[in-house]
Amino acid sequence: MRIDAVTIFPEYFAALDISLLGKAQENKVIEFNAIDLRNYTQDKHRTVDDSPYGGGAGMLMKPEPWGEALDELLNPDGSTVLIVPSPAGELFKQATAQDLSTKEHIVFACGRYEGIDQRVFDWAKDKAEVRLISLGDYVLNGGEVAAMAMIEAIARLIPGVIGNADSLVEESHSSGLLEYPSYTKPAVWRDLEVPEVLRGGNHAEIATWRQEQSVSRTKAVRPDLLP
Ligand code: 6GU
């Protein structure tokens, strides 16, 4: 999979070169590029913003640099998915990550200020699958941190990125429930004991206990996830 992120702050994406995603890039399982939007400006000041028609607070990203960048980046056969991180988008879920992990090419359009001129997306609709996606009901300063969260959630589902594929099976959200609590040695730490059942070695009992813990935890903090 190839992932491109268009941004005025390419430095944000340096973190993708470390740990598992760094290894996956070295192994050519994923290719990642951070692209500086200002390279697609024409004026001496490399301007990317302007004031909004109709008034209102703040600045907007002007369409021309986005058009130049996307002309270069979108696959001519329409196979690119263009993701626009935005609090006005559909909610990003594990199923979204699952779906996107099968794509050949994803471009993230990381906006700053009050967002990007709407015509960029109206134009791109005929050239790519355009999706506005939000991480949740709160506001970030720009799309970069949101794009990085999505990239990590997507890339770790690609075969070969995570060494132990079994670890993907039991984690939170893969089953629709939150993950059960986990413990390691020592058996007693600061007077707190590891639950007896986990030390007993009865695998059926352990599985039942974990399932109960997942359900009670989900009921307590995320009842909206229960059927
Ligand atoms: Cl995807 N972008 C921004 N700027 N803010 C957000 C968000 C995305 N998701 C939640 N808040």
# chains A, B, ... in the order shown; residues from 1 in each chain; ligands from 1
call {"tool": "residues_near_ligand", "arguments": {"ligand": "ligand 1", "cutoff": "8 Å", "atoms": "only C-alpha atoms and all ligand atoms", "output": "JSON list (two decimals) with C-alpha atoms, in the first residue's frame"}}
result
[["chain", "number", "residue", "atom", "x", "y", "z"],
["A", 84, "VAL", "CA", -9.98, 14.46, 4.31],
["A", 85, "PRO", "CA", -9.58, 14.46, 8.11],
["A", 86, "SER", "CA", -12.39, 16.67, 9.40],
["A", 87, "PRO", "CA", -14.57, 16.94, 12.50],
["A", 88, "ALA", "CA", -17.44, 17.29, 9.98],
["A", 89, "GLY", "CA", -16.82, 13.79, 8.56],
["A", 111, "GLY", "CA", -6.17, 20.96, 6.22],
["A", 112, "ARG", "CA", -5.24, 23.73, 8.63],
["A", 132, "LEU", "CA", -14.38, 13.13, 4.98],
["A", 133, "ILE", "CA", -13.49, 11.27, 8.17],
["A", 134, "SER", "CA", -13.55, 12.39, 11.84],
["A", 135, "LEU", "CA", -11.82, 10.80, 14.81],
["A", 136, "GLY", "CA", -14.52, 11.88, 17.25],
["A", 137, "ASP", "CA", -16.53, 14.74, 18.64],
["A", 138, "TYR", "CA", -13.78, 17.19, 19.49],
["A", 139, "VAL", "CA", -11.69, 19.67, 17.51],
["A", 140, "LEU", "CA", -8.00, 19.42, 16.58],
["A", 141, "ASN", "CA", -5.93, 22.23, 15.08],
["A", 142, "GLY", "CA", -5.41, 20.44, 11.80],
["A", 143, "GLY", "CA", -5.63, 17.12, 10.00],
["A", 144, "GLU", "CA", -2.07, 15.93, 10.66],
["A", 145, "VAL", "CA", -2.50, 14.29, 14.08],
["A", 146, "ALA", "CA", -5.79, 12.75, 12.95],
["A", 147, "ALA", "CA", -4.17, 11.43, 9.75]]
call {"tool": "residues_around", "arguments": {"residues": "Pro52 (chain A)", "least_positions_apart": "5", "cutoff": "10 Å", "atoms": "only C-alpha atoms", "output": "CSV table (one decimal) with N, CA, C and O atoms, in the first residue's frame"}}
result
chain,number,residue,atom,x,y,z
A,57,ALA,N,-14.9,34.0,11.0
A,57,ALA,CA,-13.6,34.0,11.6
A,57,ALA,C,-12.6,33.1,10.9
A,57,ALA,O,-13.0,32.1,10.3
A,58,GLY,N,-11.4,33.6,10.9
A,58,GLY,CA,-10.3,32.7,10.4
A,58,GLY,C,-10.1,32.7,8.9
A,58,GLY,O,-10.8,33.3,8.2
A,59,MET,N,-9.1,31.9,8.5
A,59,MET,CA,-8.7,31.8,7.1
A,59,MET,C,-9.1,30.4,6.6
A,59,MET,O,-9.3,29.4,7.4
A,60,LEU,N,-9.1,30.3,5.3
A,60,LEU,CA,-9.4,29.0,4.6
A,60,LEU,C,-8.2,28.6,3.7
A,60,LEU,O,-7.5,29.5,3.3
A,61,MET,N,-8.1,27.4,3.4
A,61,MET,CA,-7.0,27.0,2.4
A,61,MET,C,-7.5,27.2,1.0
A,61,MET,O,-8.6,26.7,0.7
A,62,LYS,N,-6.8,27.9,0.2
A,62,LYS,CA,-7.2,28.2,-1.2
A,62,LYS,C,-7.1,27.0,-2.1
A,62,LYS,O,-6.2,26.1,-1.8
A,114,GLU,N,-9.4,27.1,9.0
A,114,GLU,CA,-10.9,26.7,9.1
A,114,GLU,C,-11.2,25.6,8.0
A,114,GLU,O,-12.4,25.3,7.8
A,117,ASP,N,-11.1,24.9,0.7
A,117,ASP,CA,-12.2,25.3,-0.2
A,117,ASP,C,-13.0,24.1,-0.7
A,117,ASP,O,-12.4,23.2,-1.2
call {"tool": "residues_around", "arguments": {"residues": "region 173-189 of chain A", "least_positions_apart": "2", "cutoff": "10 Å", "atoms": "only C-alpha atoms", "output": "PDB file with N, CA and C atoms, in the first residue's frame"}}
result
ATOM      1  N   LYS A  93     -13.998   4.251  12.534  1.00  0.00           N
ATOM      2  CA  LYS A  93     -14.173   3.072  13.395  1.00  0.00           C
ATOM      3  C   LYS A  93     -13.170   1.997  12.996  1.00  0.00           C
ATOM      4  N   GLN A  94     -13.111   0.936  13.791  1.00  0.00           N
ATOM      5  CA  GLN A  94     -12.249  -0.202  13.436  1.00  0.00           C
ATOM      6  C   GLN A  94     -12.640  -0.748  12.057  1.00  0.00           C
ATOM      7  N   ALA A  95     -13.948  -0.784  11.761  1.00  0.00           N
ATOM      8  CA  ALA A  95     -14.413  -1.271  10.452  1.00  0.00           C
ATOM      9  C   ALA A  95     -13.930  -0.357   9.320  1.00  0.00           C
ATOM     10  N   GLN A  98     -10.358  -1.336   8.785  1.00  0.00           N
ATOM     11  CA  GLN A  98     -10.391  -2.642   8.118  1.00  0.00           C
ATOM     12  C   GLN A  98     -10.606  -2.450   6.603  1.00  0.00           C
ATOM     13  N   LEU A 168      -4.059  -9.276  16.844  1.00  0.00           N
ATOM     14  CA  LEU A 168      -5.113  -8.445  16.261  1.00  0.00           C
ATOM     15  C   LEU A 168      -6.499  -8.989  16.600  1.00  0.00           C
ATOM     16  N   VAL A 169      -6.572 -10.279  16.962  1.00  0.00           N
ATOM     17  CA  VAL A 169      -7.866 -10.944  17.101  1.00  0.00           C
ATOM     18  C   VAL A 169      -8.584 -10.538  18.382  1.00  0.00           C
ATOM     19  N   GLU A 170      -7.850 -10.474  19.511  1.00  0.00           N
ATOM     20  CA  GLU A 170      -8.512 -10.308  20.801  1.00  0.00           C
ATOM     21  C   GLU A 170      -8.547  -8.869  21.297  1.00  0.00           C
ATOM     22  N   GLU A 171      -8.038  -7.902  20.521  1.00  0.00           N
ATOM     23  CA  GLU A 171      -7.943  -6.558  21.052  1.00  0.00           C
ATOM     24  C   GLU A 171      -9.299  -5.839  21.042  1.00  0.00           C
ATOM     25  N   ASP A 191       0.567  -5.029  47.232  1.00  0.00           N
ATOM     26  CA  ASP A 191      -0.593  -5.660  47.878  1.00  0.00           C
ATOM     27  C   ASP A 191      -1.738  -5.992  46.917  1.00  0.00           C
ATOM     28  N   LEU A 192      -1.561  -5.776  45.638  1.00  0.00           N
ATOM     29  CA  LEU A 192      -2.612  -6.100  44.665  1.00  0.00           C
ATOM     30  C   LEU A 192      -2.288  -7.432  43.986  1.00  0.00           C
ATOM     31  N   GLU A 193      -3.280  -8.346  44.020  1.00  0.00           N
ATOM     32  CA  GLU A 193      -3.065  -9.693  43.479  1.00  0.00           C
ATOM     33  C   GLU A 193      -3.607  -9.837  42.062  1.00  0.00           C
ATOM     34  N   VAL A 194      -2.921 -10.632  41.261  1.00  0.00           N
ATOM     35  CA  VAL A 194      -3.455 -11.050  39.964  1.00  0.00           C
ATOM     36  C   VAL A 194      -4.654 -11.965  40.240  1.00  0.00           C
ATOM     37  N   PRO A 195      -5.808 -11.783  39.553  1.00  0.00           N
ATOM     38  CA  PRO A 195      -6.978 -12.630  39.789  1.00  0.00           C
ATOM     39  C   PRO A 195      -6.617 -14.117  39.760  1.00  0.00           C
ATOM     40  N   GLU A 196      -7.156 -14.842  40.754  1.00  0.00           N
ATOM     41  CA  GLU A 196      -6.869 -16.258  40.961  1.00  0.00           C
ATOM     42  C   GLU A 196      -7.036 -17.076  39.668  1.00  0.00           C
ATOM     43  N   LEU A 198      -6.649 -16.517  36.621  1.00  0.00           N
ATOM     44  CA  LEU A 198      -5.605 -16.412  35.593  1.00  0.00           C
ATOM     45  C   LEU A 198      -4.368 -17.212  35.973  1.00  0.00           C
ATOM     46  N   ARG A 199      -4.236 -17.517  37.276  1.00  0.00           N
ATOM     47  CA  ARG A 199      -3.058 -18.248  37.737  1.00  0.00           C
ATOM     48  C   ARG A 199      -3.316 -19.744  37.782  1.00  0.00           C
ATOM     49  N   TRP A 209     -13.951 -16.049  32.053  1.00  0.00           N
ATOM     50  CA  TRP A 209     -13.683 -14.864  32.885  1.00  0.00           C
ATOM     51  C   TRP A 209     -13.382 -13.645  32.005  1.00  0.00           C
ATOM     52  N   ARG A 210     -12.569 -13.850  30.989  1.00  0.00           N
ATOM     53  CA  ARG A 210     -12.206 -12.729  30.107  1.00  0.00           C
ATOM     54  C   ARG A 210     -13.430 -12.192  29.367  1.00  0.00           C
ATOM     55  N   GLN A 211     -14.280 -13.100  28.903  1.00  0.00           N
ATOM     56  CA  GLN A 211     -15.492 -12.691  28.201  1.00  0.00           C
ATOM     57  C   GLN A 211     -16.383 -11.854  29.132  1.00  0.00           C
ATOM     58  N   GLU A 212     -16.545 -12.315  30.395  1.00  0.00           N
ATOM     59  CA  GLU A 212     -17.355 -11.576  31.376  1.00  0.00           C
ATOM     60  C   GLU A 212     -16.764 -10.187  31.639  1.00  0.00           C
ATOM     61  N   GLN A 213     -15.437 -10.152  31.764  1.00  0.00           N
ATOM     62  CA  GLN A 213     -14.763  -8.865  32.009  1.00  0.00           C
ATOM     63  C   GLN A 213     -14.976  -7.903  30.832  1.00  0.00           C
ATOM     64  N   SER A 214     -14.890  -8.437  29.613  1.00  0.00           N
ATOM     65  CA  SER A 214     -15.116  -7.601  28.417  1.00  0.00           C
ATOM     66  C   SER A 214     -16.523  -7.028  28.429  1.00  0.00           C
ATOM     67  N   VAL A 215     -17.496  -7.862  28.755  1.00  0.00           N
ATOM     68  CA  VAL A 215     -18.889  -7.414  28.747  1.00  0.00           C
ATOM     69  C   VAL A 215     -19.114  -6.376  29.847  1.00  0.00           C
ATOM     70  N   SER A 216     -18.609  -6.624  31.076  1.00  0.00           N
ATOM     71  CA  SER A 216     -18.901  -5.688  32.170  1.00  0.00           C
ATOM     72  C   SER A 216     -18.176  -4.357  31.960  1.00  0.00           C
ATOM     73  N   ARG A 217     -16.978  -4.422  31.415  1.00  0.00           N
ATOM     74  CA  ARG A 217     -16.244  -3.192  31.113  1.00  0.00           C
ATOM     75  C   ARG A 217     -16.974  -2.384  30.028  1.00  0.00           C
ATOM     76  N   THR A 218     -17.452  -3.067  29.001  1.00  0.00           N
ATOM     77  CA  THR A 218     -18.160  -2.380  27.911  1.00  0.00           C
ATOM     78  C   THR A 218     -19.449  -1.758  28.431  1.00  0.00           C
ATOM     79  N   LYS A 219     -20.200  -2.529  29.267  1.00  0.00           N
ATOM     80  CA  LYS A 219     -21.433  -2.016  29.875  1.00  0.00           C
ATOM     81  C   LYS A 219     -21.156  -0.752  30.676  1.00  0.00           C
ATOM     82  N   VAL A 221     -18.460   1.506  30.568  1.00  0.00           N
ATOM     83  CA  VAL A 221     -17.945   2.729  29.942  1.00  0.00           C
ATOM     84  C   VAL A 221     -18.423   2.970  28.517  1.00  0.00           C
ATOM     85  N   ARG A 222     -18.874   1.924  27.803  1.00  0.00           N
ATOM     86  CA  ARG A 222     -19.319   2.102  26.410  1.00  0.00           C
ATOM     87  C   ARG A 222     -20.589   1.294  26.117  1.00  0.00           C
ATOM     88  N   PRO A 223     -21.672   1.556  26.868  1.00  0.00           N
ATOM     89  CA  PRO A 223     -22.898   0.773  26.651  1.00  0.00           C
ATOM     90  C   PRO A 223     -23.424   0.907  25.222  1.00  0.00           C
ATOM     91  N   LEU A 225     -21.898   0.356  22.628  1.00  0.00           N
ATOM     92  CA  LEU A 225     -21.345  -0.696  21.767  1.00  0.00           C
ATOM     93  C   LEU A 225     -22.090  -2.014  21.884  1.00  0.00           C
ATOM     94  N   LEU A 226     -22.917  -2.159  22.947  1.00  0.00           N
ATOM     95  CA  LEU A 226     -23.623  -3.442  23.164  1.00  0.00           C
ATOM     96  C   LEU A 226     -24.857  -3.539  22.257  1.00  0.00           C
ATOM     97  N   PRO A 227     -25.175  -4.768  21.848  1.00  0.00           N
ATOM     98  CA  PRO A 227     -26.350  -4.935  20.966  1.00  0.00           C
ATOM     99  C   PRO A 227     -27.673  -4.583  21.660  1.00  0.00           C
TER     100      PRO A 227
END
call {"tool": "select_by_dssp", "arguments": {"residues": "region 72-196 of chain A", "states": "helix (DSSP H, G or I)", "output": "JSON, numbers by chain"}}
result
{"A": [72, 73, 94, 95, 96, 97, 98, 99, 100, 119, 120, 121, 122, 123, 124, 143, 144, 145, 146, 147, 148, 149, 150, 151, 152, 153, 154, 155, 165, 166, 167, 168, 196]}
call {"tool": "closest_residue", "arguments": {"among": "A:Glu152, A:Tyr40, A:Val48, A:Gly200", "to": "Asp17 (chain A)", "atoms": "only C-alpha atoms"}}
result
A:Glu152
call {"tool": "closest_residue", "arguments": {"among": "A:Asp77, A:Val161, A:Glu64, A:Gly22", "to": "Arg119 (chain A)", "atoms": "only C-alpha atoms"}}
result
A:Glu64
call {"tool": "closest_residue", "arguments": {"among": "A:Trp66, A:Asn164, A:Ala155, A:Ala204", "to": "Ala97 (chain A)", "atoms": "only C-alpha atoms"}}
result
A:Ala155
